[in-house]
>>> print(open('upload-v2.cif').read())   # mmCIF, C-alpha atoms
data_model
loop_
_atom_site.label_atom_id
_atom_site.label_comp_id
_atom_site.auth_asym_id
_atom_site.auth_seq_id
_atom_site.Cartn_x
_atom_site.Cartn_y
_atom_site.Cartn_z
CA LEU A 1 16.49 32.65 -11.33
CA ALA A 2 16.39 29.92 -8.72
CA PRO A 3 16.42 26.53 -10.45
CA ILE A 4 13.67 23.96 -10.28
CA ARG A 5 15.46 20.74 -9.30
CA LEU A 6 13.96 17.58 -10.73
CA PRO A 7 13.81 14.87 -8.04
CA ALA A 8 15.62 11.61 -8.78
CA ASP A 9 12.56 9.54 -7.87
CA SER A 10 10.26 11.13 -10.49
CA SER A 11 10.29 10.93 -14.25
CA GLU A 12 7.20 13.06 -14.94
CA VAL A 13 7.44 16.59 -13.55
CA HIS A 14 5.00 19.21 -14.90
CA HIS A 15 4.69 23.01 -14.83
CA GLU A 16 1.48 24.76 -13.71
CA ALA A 17 1.14 28.54 -14.18
CA GLU A 18 -0.98 30.10 -11.43
CA LEU A 19 -1.98 33.35 -9.79
CA ALA A 20 -0.90 33.34 -6.12
CA VAL A 21 -2.75 35.19 -3.36
CA VAL A 22 -0.62 36.31 -0.39
CA ILE A 23 -2.44 36.66 2.92
CA GLY A 24 -1.70 39.82 4.91
CA LYS A 25 -3.19 39.19 8.35
CA VAL A 26 -4.58 36.43 10.54
CA THR A 27 -7.71 35.20 8.78
CA ARG A 28 -10.32 32.79 10.12
CA ASN A 29 -13.95 32.19 9.10
CA ILE A 30 -14.40 35.27 6.95
CA ASP A 31 -17.05 35.98 4.34
CA ALA A 32 -16.03 36.44 0.71
CA GLU A 33 -17.00 40.13 0.79
CA ASP A 34 -14.36 40.67 3.50
CA ALA A 35 -11.54 38.78 1.75
CA SER A 36 -9.84 41.82 0.22
CA ASP A 37 -9.21 43.19 3.73
CA HIS A 38 -7.13 40.07 4.47
CA ILE A 39 -5.04 39.97 1.29
CA LEU A 40 -1.59 41.55 1.22
CA GLY A 41 -1.20 41.15 -2.53
CA TYR A 42 -0.61 38.88 -5.50
CA THR A 43 2.29 37.22 -7.23
CA ILE A 44 3.07 34.51 -9.78
CA ALA A 45 3.42 30.81 -8.97
CA ASN A 46 4.62 27.75 -10.83
CA ASP A 47 2.91 24.87 -9.00
CA VAL A 48 5.44 22.25 -10.11
CA THR A 49 4.08 18.71 -9.71
CA ALA A 50 5.58 15.22 -9.98
CA ARG A 51 2.62 13.57 -11.73
CA ASP A 52 3.89 10.00 -11.44
CA LEU A 53 4.23 10.39 -7.66
CA GLN A 54 0.85 12.09 -7.46
CA ARG A 55 -0.73 9.03 -9.09
CA SER A 56 1.22 6.42 -7.11
CA ASP A 57 0.75 8.08 -3.71
CA GLY A 58 -2.97 8.73 -4.14
CA GLN A 59 -2.54 12.24 -2.69
CA TRP A 60 -0.47 15.30 -3.51
CA THR A 61 1.85 16.04 -0.58
CA ARG A 62 5.05 14.48 -1.92
CA ALA A 63 4.23 15.28 -5.56
CA LYS A 64 4.05 19.02 -4.86
CA GLY A 65 6.31 19.27 -1.81
CA PHE A 66 9.86 18.92 -3.09
CA ASP A 67 12.33 21.71 -2.33
CA THR A 68 12.38 24.16 -5.28
CA PHE A 69 8.84 23.18 -6.37
CA CYS A 70 6.36 26.10 -6.39
CA PRO A 71 8.64 29.03 -7.11
CA LEU A 72 6.96 32.40 -6.48
CA GLY A 73 7.72 35.90 -7.69
CA PRO A 74 9.09 38.17 -8.90
CA ALA A 75 7.39 40.42 -6.29
CA ILE A 76 4.17 40.88 -4.33
CA ASP A 77 1.90 43.44 -5.98
CA THR A 78 -0.51 45.11 -3.54
CA GLU A 79 -2.45 46.98 -6.25
CA PHE A 80 -3.24 44.06 -8.61
CA ASP A 81 -6.97 43.54 -9.25
CA PRO A 82 -7.79 39.84 -9.80
CA THR A 83 -11.37 40.66 -10.82
CA GLU A 84 -10.03 42.23 -14.01
CA PRO A 85 -9.04 39.82 -16.80
CA HIS A 86 -5.27 39.29 -16.88
CA ARG A 87 -3.59 36.91 -19.32
CA ILE A 88 -1.68 33.98 -17.77
CA THR A 89 0.89 32.18 -19.91
CA CYS A 90 3.58 29.57 -19.50
CA MET A 91 6.46 29.22 -21.94
CA VAL A 92 8.92 26.34 -21.84
CA ASP A 93 11.96 27.56 -23.71
CA ASP A 94 10.21 29.30 -26.61
CA GLU A 95 7.10 27.09 -26.74
CA LEU A 96 3.78 28.47 -25.48
CA ARG A 97 2.31 25.74 -23.26
CA GLN A 98 -0.42 27.52 -21.29
CA ASP A 99 -2.52 30.51 -22.27
CA GLY A 100 -5.46 31.56 -20.11
CA SER A 101 -6.94 34.42 -18.15
CA THR A 102 -7.85 35.25 -14.58
CA ALA A 103 -11.36 35.67 -16.01
CA ASP A 104 -11.42 31.87 -16.41
CA LEU A 105 -10.88 31.05 -12.73
CA VAL A 106 -13.41 28.43 -11.60
CA PHE A 107 -13.63 30.11 -8.18
CA GLY A 108 -12.93 33.79 -7.57
CA VAL A 109 -10.15 34.89 -5.25
CA ALA A 110 -12.57 36.12 -2.57
CA ASP A 111 -14.39 32.78 -2.53
CA LEU A 112 -11.11 30.86 -2.30
CA VAL A 113 -9.87 32.93 0.63
CA ALA A 114 -13.22 32.61 2.44
CA PHE A 115 -13.33 28.86 1.88
CA ALA A 116 -9.74 28.29 3.01
CA SER A 117 -10.37 30.40 6.12
CA SER A 118 -13.35 28.20 7.00
CA VAL A 119 -11.01 25.19 7.18
CA MET A 120 -7.87 26.65 8.71
CA THR A 121 -6.49 29.84 10.17
CA LEU A 122 -4.53 31.69 7.50
CA LEU A 123 -1.46 33.58 8.68
CA PRO A 124 0.41 36.53 7.19
CA GLY A 125 2.56 35.26 4.34
CA ASP A 126 0.41 32.19 3.63
CA VAL A 127 -0.14 31.66 -0.09
CA ILE A 128 -3.25 30.38 -1.84
CA LEU A 129 -2.96 29.23 -5.46
CA THR A 130 -5.97 29.83 -7.68
CA GLY A 131 -5.77 27.09 -10.33
CA THR A 132 -4.04 26.65 -13.64
CA PRO A 133 -5.10 27.07 -17.27
CA ALA A 134 -5.18 24.08 -19.62
CA GLY A 135 -1.88 22.96 -21.08
CA VAL A 136 0.17 21.75 -18.12
CA GLY A 137 2.99 19.55 -19.31
CA PRO A 138 6.41 18.08 -18.70
CA ILE A 139 9.60 19.95 -17.95
CA ARG A 140 13.09 18.54 -18.37
CA ALA A 141 16.58 19.44 -17.23
CA GLY A 142 18.10 22.12 -19.41
CA GLU A 143 14.79 23.87 -20.14
CA ARG A 144 13.69 27.32 -18.97
CA VAL A 145 10.15 27.89 -17.66
CA GLU A 146 8.61 31.37 -17.83
CA VAL A 147 5.25 32.04 -16.20
CA GLU A 148 3.80 35.45 -17.00
CA ILE A 149 0.72 37.18 -15.65
CA GLU A 150 -0.24 40.51 -17.20
CA GLY A 151 0.25 43.22 -14.62
CA LEU A 152 2.50 41.09 -12.39
CA GLY A 153 5.53 40.33 -14.55
CA VAL A 154 7.44 37.16 -15.35
CA LEU A 155 8.65 34.33 -13.11
CA MET A 156 11.55 32.57 -14.82
CA ASN A 157 13.27 29.40 -13.60
CA PRO A 158 15.80 27.07 -15.21
CA VAL A 159 15.18 23.35 -14.79
CA VAL A 160 18.08 21.21 -13.53
CA SER A 161 18.60 17.57 -12.54
CA ALA A 162 18.68 16.54 -8.91
#
>>> encode(input="upload-v2.cif", output="structure tokens")
Amino acid sequence: LAPIRLPADSSEVHHEAELAVVIGKVTRNIDAEDASDHILGYTIANDVTARDLQRSDGQWTRAKGFDTFCPLGPAIDTEFDPTEPHRITCMVDDELRQDGSTADLVFGVADLVAFASSVMTLLPGDVILTGTPAGVGPIRAGERVEVEIEGLGVLMNPVVSA
């Protein structure tokens, strides 16, 4: 239950429920059909983003890079099959904010891993996020964010002020 700390220089921080792919070995320039051999497993991510900073900076490094942003967990599952449809939800307190499926991914996991490996060498423990369903929205101090992916569990984080 590590808290998401809202940075003092942002007033518009959003949640983003996502499937996370954890790389298992050094990966460079692979084809999509070989991607599964390079994946250790899967977990849950909340790709927390300071939207106001994302807009003002014109890029995403600071907006997504604060300490405590992008919590992962609760564990890495090595048997999870991302080609099967799994429901992805995000609840803020008791309000359903996001509700989607891995079947709705714009790009499949294998394609994402192959593409990323064509740009950079992926190392064991590197994480690739797969995209978020519609419904991202603000989080505020005092709230609790729960991201759930069927078959992987629930990632729960309280939100606190900086």
>>> closest_atom_pairs(input="upload-v2.cif", of="range 3-35 of chain A", to="range 87-95 of chain A", cutoff="9 Å", atoms="only C-alpha atoms", output="Markdown table")
| residue | atom | partner | partner_atom | distance |
| --- | --- | --- | --- | --- |
| A:His15 | CA | A:Cys90 | CA | 8.1 |
| A:Glu16 | CA | A:Cys90 | CA | 7.8 |
| A:Ala17 | CA | A:Cys90 | CA | 5.9 |
| A:Glu18 | CA | A:Ile88 | CA | 7.5 |
| A:Leu19 | CA | A:Ile88 | CA | 8.0 |
>>> atom_distance(input="upload-v2.cif", atom1="CA of Ala2 in chain A", atom2="CA of Gly137 in chain A")
20.0 Å
>>> resolve_selection(input="upload-v2.cif", expression="the PyMOL selection byres ((chain A and resi 77) around 8)", output="PDB file with C-alpha atoms, in the frame of the given file")
ATOM      1  CA  GLY A  41      -1.200  41.150  -2.530  1.00  0.00           C
ATOM      2  CA  TYR A  42      -0.610  38.880  -5.500  1.00  0.00           C
ATOM      3  CA  THR A  43       2.290  37.220  -7.230  1.00  0.00           C
ATOM      4  CA  ALA A  75       7.390  40.420  -6.290  1.00  0.00           C
ATOM      5  CA  ILE A  76       4.170  40.880  -4.330  1.00  0.00           C
ATOM      6  CA  THR A  78      -0.510  45.110  -3.540  1.00  0.00           C
ATOM      7  CA  GLU A  79      -2.450  46.980  -6.250  1.00  0.00           C
ATOM      8  CA  PHE A  80      -3.240  44.060  -8.610  1.00  0.00           C
ATOM      9  CA  LEU A 152       2.500  41.090 -12.390  1.00  0.00           C
TER      10      LEU A 152
END
>>> axis_aligned_box(input="upload-v2.cif", around="range 105-120 of chain A", padding_each_side="5 Å", output="JSON")
{"center_x": -11.1, "center_y": 30.7, "center_z": -2.0, "size_x": 16.5, "size_y": 20.9, "size_z": 31.4}
>>> resolve_selection(input="upload-v2.cif", expression="the PyMOL selection byres ((chain A and resi 37) around 12)", output="list in words")
Val22, Ile23, Gly24, Lys25, Val26, Thr27, Ile30, Asp31, Ala32, Glu33, Asp34, Ala35, Ser36, His38, Ile39, Leu40, Gly41, Thr78, Ala110, Val113 and Ala114 of chain A
>>> write_last_selection(input="upload-v2.cif", atoms="C-alpha atoms", output="PDB file, in the coordinates of the input")
ATOM      1  CA  VAL A  22      -0.620  36.310  -0.390  1.00  0.00           C
ATOM      2  CA  ILE A  23      -2.440  36.660   2.920  1.00  0.00           C
ATOM      3  CA  GLY A  24      -1.700  39.820   4.910  1.00  0.00           C
ATOM      4  CA  LYS A  25      -3.190  39.190   8.350  1.00  0.00           C
ATOM      5  CA  VAL A  26      -4.580  36.430  10.540  1.00  0.00           C
ATOM      6  CA  THR A  27      -7.710  35.200   8.780  1.00  0.00           C
ATOM      7  CA  ILE A  30     -14.400  35.270   6.950  1.00  0.00           C
ATOM      8  CA  ASP A  31     -17.050  35.980   4.340  1.00  0.00           C
ATOM      9  CA  ALA A  32     -16.030  36.440   0.710  1.00  0.00           C
ATOM     10  CA  GLU A  33     -17.000  40.130   0.790  1.00  0.00           C
ATOM     11  CA  ASP A  34     -14.360  40.670   3.500  1.00  0.00           C
ATOM     12  CA  ALA A  35     -11.540  38.780   1.750  1.00  0.00           C
ATOM     13  CA  SER A  36      -9.840  41.820   0.220  1.00  0.00           C
ATOM     14  CA  HIS A  38      -7.130  40.070   4.470  1.00  0.00           C
ATOM     15  CA  ILE A  39      -5.040  39.970   1.290  1.00  0.00           C
ATOM     16  CA  LEU A  40      -1.590  41.550   1.220  1.00  0.00           C
ATOM     17  CA  GLY A  41      -1.200  41.150  -2.530  1.00  0.00           C
ATOM     18  CA  THR A  78      -0.510  45.110  -3.540  1.00  0.00           C
ATOM     19  CA  ALA A 110     -12.570  36.120  -2.570  1.00  0.00           C
ATOM     20  CA  VAL A 113      -9.870  32.930   0.630  1.00  0.00           C
ATOM     21  CA  ALA A 114     -13.220  32.610   2.440  1.00  0.00           C
TER      22      ALA A 114
END
>>> atom_distance(input="upload-v2.cif", atom1="CA of Asp104 in chain A", atom2="CA of Thr132 in chain A")
9.5 Å
>>> atom_distance(input="upload-v2.cif", atom1="CA of Trp60 in chain A", atom2="CA of Val160 in chain A")
21.9 Å
>>> decode(input="upload-v2.cif", residues="range 76-145 of chain A", atoms="C-alpha atoms", output="short mmCIF file (atom, residue, chain, number, x, y, z; two decimals), in the first residue's frame")
data_model
loop_
_atom_site.label_atom_id
_atom_site.label_comp_id
_atom_site.auth_asym_id
_atom_site.auth_seq_id
_atom_site.Cartn_x
_atom_site.Cartn_y
_atom_site.Cartn_z
CA ILE A 76 4.79 -10.75 -11.41
CA ASP A 77 2.72 -13.56 -12.92
CA THR A 78 4.70 -15.79 -15.28
CA GLU A 79 1.66 -17.78 -16.47
CA PHE A 80 -0.66 -14.90 -17.46
CA ASP A 81 -1.81 -15.00 -21.10
CA PRO A 82 -2.30 -11.48 -22.51
CA THR A 83 -3.86 -12.84 -25.71
CA GLU A 84 -6.90 -13.93 -23.68
CA PRO A 85 -9.40 -11.19 -22.79
CA HIS A 86 -8.92 -10.00 -19.20
CA ARG A 87 -10.98 -7.20 -17.68
CA ILE A 88 -9.04 -4.09 -16.58
CA THR A 89 -10.71 -1.71 -14.12
CA CYS A 90 -9.81 1.30 -12.04
CA MET A 91 -11.78 2.32 -8.98
CA VAL A 92 -11.21 5.58 -7.14
CA ASP A 93 -12.67 5.05 -3.70
CA ASP A 94 -15.87 3.23 -4.69
CA GLU A 95 -16.35 4.86 -8.11
CA LEU A 96 -15.64 2.83 -11.25
CA ARG A 97 -13.54 5.09 -13.49
CA GLN A 98 -12.07 2.73 -16.08
CA ASP A 99 -13.47 -0.52 -17.44
CA GLY A 100 -11.80 -2.22 -20.40
CA SER A 101 -10.20 -5.42 -21.57
CA THR A 102 -6.84 -6.65 -22.78
CA ALA A 103 -8.78 -7.58 -25.93
CA ASP A 104 -9.02 -3.84 -26.63
CA LEU A 105 -5.26 -3.19 -26.75
CA VAL A 106 -4.40 -1.15 -29.86
CA PHE A 107 -1.12 -3.08 -30.22
CA GLY A 108 -0.58 -6.60 -28.93
CA VAL A 109 2.06 -7.35 -26.34
CA ALA A 110 4.32 -9.17 -28.82
CA ASP A 111 4.24 -6.22 -31.22
CA LEU A 112 5.02 -3.76 -28.41
CA VAL A 113 8.01 -5.78 -27.22
CA ALA A 114 9.33 -6.19 -30.78
CA PHE A 115 8.91 -2.48 -31.50
CA ALA A 116 10.57 -1.37 -28.27
CA SER A 117 13.47 -3.77 -28.91
CA SER A 118 14.00 -2.20 -32.33
CA VAL A 119 14.65 1.16 -30.64
CA MET A 120 16.56 0.18 -27.51
CA THR A 121 18.05 -2.81 -25.77
CA LEU A 122 15.62 -4.10 -23.16
CA LEU A 123 17.15 -5.48 -19.99
CA PRO A 124 15.82 -7.95 -17.41
CA GLY A 125 13.36 -6.12 -15.18
CA ASP A 126 12.49 -3.44 -17.75
CA VAL A 127 8.76 -2.76 -17.88
CA ILE A 128 6.63 -1.94 -20.91
CA LEU A 129 3.15 -0.50 -20.35
CA THR A 130 0.49 -1.47 -22.88
CA GLY A 131 -1.98 1.43 -22.84
CA THR A 132 -4.99 2.41 -20.79
CA PRO A 133 -8.75 2.06 -21.26
CA ALA A 134 -10.95 5.13 -21.57
CA GLY A 135 -11.87 6.92 -18.37
CA VAL A 136 -8.60 8.28 -17.00
CA GLY A 137 -9.26 11.01 -14.51
CA PRO A 138 -8.11 13.03 -11.53
CA ILE A 139 -6.98 11.70 -8.18
CA ARG A 140 -6.84 13.74 -4.99
CA ALA A 141 -5.24 13.40 -1.57
CA GLY A 142 -7.30 11.19 0.70
CA GLU A 143 -8.57 8.93 -2.10
CA ARG A 144 -7.72 5.27 -2.69
CA VAL A 145 -6.96 3.99 -6.21
#
